[in-house]
Each structure stands twice: as structure tokens, then as C-alpha cells.
Amino acid sequence: MPISPNQGSTGGGTTVTITGTNLGGATSVHFGTKTATITANTPTSVTVTSPSGTGTVPVTVTTPGGTSNPLQFFYVGAPFKSSISPVSGITGGGNTVTINGTGLTTATAVHFGAATATPSVVNDGQLTVTVPAGAAAGPVGVSVTTAGGTNNGLTYTYVDAPTIGTINPNSGPASGGTVVTITGTNFSTTQSVTFGATPAPFSVINDTTLSVVTPPGAVGATDVTVTTTGGSATTTAGFTYVAGPGI
């Protein structure tokens, strides 16, 4: 006589179906010493709402013909989440985050605000999930749903991709060392600025302004790329390296 599911929240409220024979006219279903609420009953099944409980309890069905053999039901506590990494990413989603905590074995869903994704459980203390697209840039609450319930408490921030407006000055010596101001949008989480393939030292002045010192480069035009947690923006041939004088 199978029971499905065979685990649920310690707070109760799990819909459980017990199948077998001669179950018609069931008068009660017990989870340990507690009585469950019967919501449907046929000769081959009984559907109930589990009461609250802890640990592992025997489940029995009583009909006018007697009481069944017991089946085991496992109560699962709500999950606890301790950390999420990384804590931000592109608004379009698609990147993978890791959530650490306890009680994650039965995780079936991770909610990022109003969006939901299906996780991959690594073990009871860790899961990974592909972030769904966000409705807009900004922070959202993150919750994990398991057989034991749903637990909130973490925050993930969606970040829009950067855009580059102006690069001033847009030329300088091939030896590098030119202080350049880059204006644009969504620069707060800047991780790198490159001239061609060469990283440049930079400072974030504010969300719309970067101060950058050019690295040495080959004479000619080179692409300038700004990379943030929200993505990358590139200005093709955005800076021109000029040869120094020779005599």
C-alpha cells in the first residue's frame, strides 16, 4: 500500500495519497498519534492533508473492516539558507549561482522574486541553480522550497549591462599612462576595463563615470571594453595609440 509523497513539512499541510485495496469508507487516517484530514476516498485510495509532526511516524488507514498495516512518513523541517554566490548578475539571467545552507536535499524550486527556477541538489547543504531572467534591474528576495516548506532570507541583485558613451581623450601615446574618463551607464559594478586584450587600472567614480589609466599598446586604434556583473560593453576602435616622436 504505497504512500505518496512519503515526506512532508513538519508544519503539516502536505497532500498525501495512500493507495491499496478495500479502502472505501475510510473513517480515519493516523500519522502517528495524530489524525489527518481526509479529502478524497475511493476503494483503492485515500487522500489526506497531513497533520503537523516530527521525525518518522507510522501511517495507518482505518475502515469499517479494520486498520491497515503501517507505512512510514518522514517529516522534514523547513530549509535554512546561509549564503548565495554570486550575489548579483545580468538582468537577462542565465548565470549559475550556488546556495549553501541545510535541509536542501528535497529542494524542488528556487524563487527569485516572482520568477522560479528548478535547482540541482548537490547535497543537503548545497544546491546550484540557473538564474531566471529578472523583470528589471534591482534586488529581489530568494527563497527555496523543499518538502519541509519555503524559507526566505537571501537577496540577489539583477544588474543591467553597461553602456559606453564617450571616451575622453580618445587618443594617447603608445607607451600608455594617459588618464581617460569614460562616461556611460551602469558602471557601479565594473570588474575590468580593457584596451584591446590588455587590462587597465581603473576607478569607479560613480554609476556613469570611470577614470582609467591606459596601458601600453600597439600604435593604432584599439577596442575599449568595460565589463561589469551585468555584462560587457565595447566601443570598437574607441582609443587610438599614437607613436611618440623620434629624432
# chains A, B, ... in the order shown; residues from 1 in each chain; ligands from 1

call {"tool": "select_by_dssp", "arguments": {"residues": "range 18-206 of chain A", "states": "strand (DSSP E or B)", "output": "number ranges by chain"}}
result
A: 18-19, 28-31, 34-35, 37-42, 45-49, 56-63, 66-67, 71-76, 80-85, 88-90, 96-102, 109-112, 115-117, 120-123, 126-130, 138-146, 149-159, 163-168, 171-173, 179-185, 190-195, 198-199, 202-206

call {"tool": "residues_around", "arguments": {"residues": "range 154-171 of chain A", "least_positions_apart": "3", "cutoff": "8 Å", "atoms": "only C-alpha atoms", "output": "PyMOL selection string"}}
result
chain A and resi 81-84+87-91+112+134+136-143+180-187+226-235+238-242

call {"tool": "atom_distance", "arguments": {"atom1": "CA of Gly217 in chain A", "atom2": "CA of Phe202 in chain A"}}
result
16.4 Å

call {"tool": "closest_residue", "arguments": {"among": "A:Gly246, A:Pro216, A:Gly8, A:Pro86", "to": "Phe74 in chain A", "atoms": "only C-alpha atoms"}}
result
A:Gly8

call {"tool": "residues_around", "arguments": {"residues": "Thr67 in chain A", "least_positions_apart": "2", "cutoff": "12 Å", "atoms": "only C-alpha atoms", "output": "list in words"}}
result
Asn22, Leu23, Ala26, Thr27, Ser28, Val29, His30, Val59, Thr60, Val61, Thr62, Thr63, Pro64, Gly65, Asn69, Pro70 and Leu71 of chain A

call {"tool": "write_last_selection", "arguments": {"atoms": "C-alpha atoms", "output": "tab-separated table (two decimals), in the first residue's frame"}}
result
chain	number	residue	atom	x	y	z
A	22	ASN	CA	-10.53	-2.22	0.47
A	23	LEU	CA	-10.02	1.42	1.42
A	26	ALA	CA	-12.25	5.12	5.44
A	27	THR	CA	-13.14	6.59	8.83
A	28	SER	CA	-9.72	7.87	9.85
A	29	VAL	CA	-6.08	8.11	8.82
A	30	HIS	CA	-3.48	8.43	11.55
A	59	VAL	CA	0.57	5.98	8.86
A	60	THR	CA	-2.50	3.75	9.11
A	61	VAL	CA	-5.92	3.76	7.48
A	62	THR	CA	-8.98	2.68	9.45
A	63	THR	CA	-12.15	1.47	7.69
A	64	PRO	CA	-15.20	-0.47	8.96
A	65	GLY	CA	-13.16	-3.57	8.17
A	69	ASN	CA	-0.61	-2.16	8.25
A	70	PRO	CA	1.54	0.96	8.89
A	71	LEU	CA	3.51	2.89	6.30

call {"tool": "residues_around", "arguments": {"residues": "Ala243 in chain A", "least_positions_apart": "2", "cutoff": "9 Å", "atoms": "only C-alpha atoms", "output": "PyMOL selection string"}}
result
chain A and resi 172-175+218-220+241+245-246

call {"tool": "residues_around", "arguments": {"residues": "range 118-132 of chain A", "least_positions_apart": "2", "cutoff": "10 Å", "atoms": "only C-alpha atoms", "output": "PyMOL selection string"}}
result
chain A and resi 79-85+88-116+134-135+144-145+156+158

call {"tool": "residues_around", "arguments": {"residues": "range 44-46 of chain A", "least_positions_apart": "5", "cutoff": "6 Å", "atoms": "only C-alpha atoms", "output": "list in words"}}
result
Thr17, Ile18, Thr19, Gly20, Thr21 and Leu23 of chain A

call {"tool": "atom_distance", "arguments": {"atom1": "CA of Pro51 in chain A", "atom2": "CA of Ala36 in chain A"}}
result
5.4 Å

call {"tool": "closest_residue", "arguments": {"among": "A:Gln191, A:Ser211, A:Ser50, A:Asn206", "to": "Thr14 in chain A", "atoms": "only C-alpha atoms"}}
result
A:Ser50
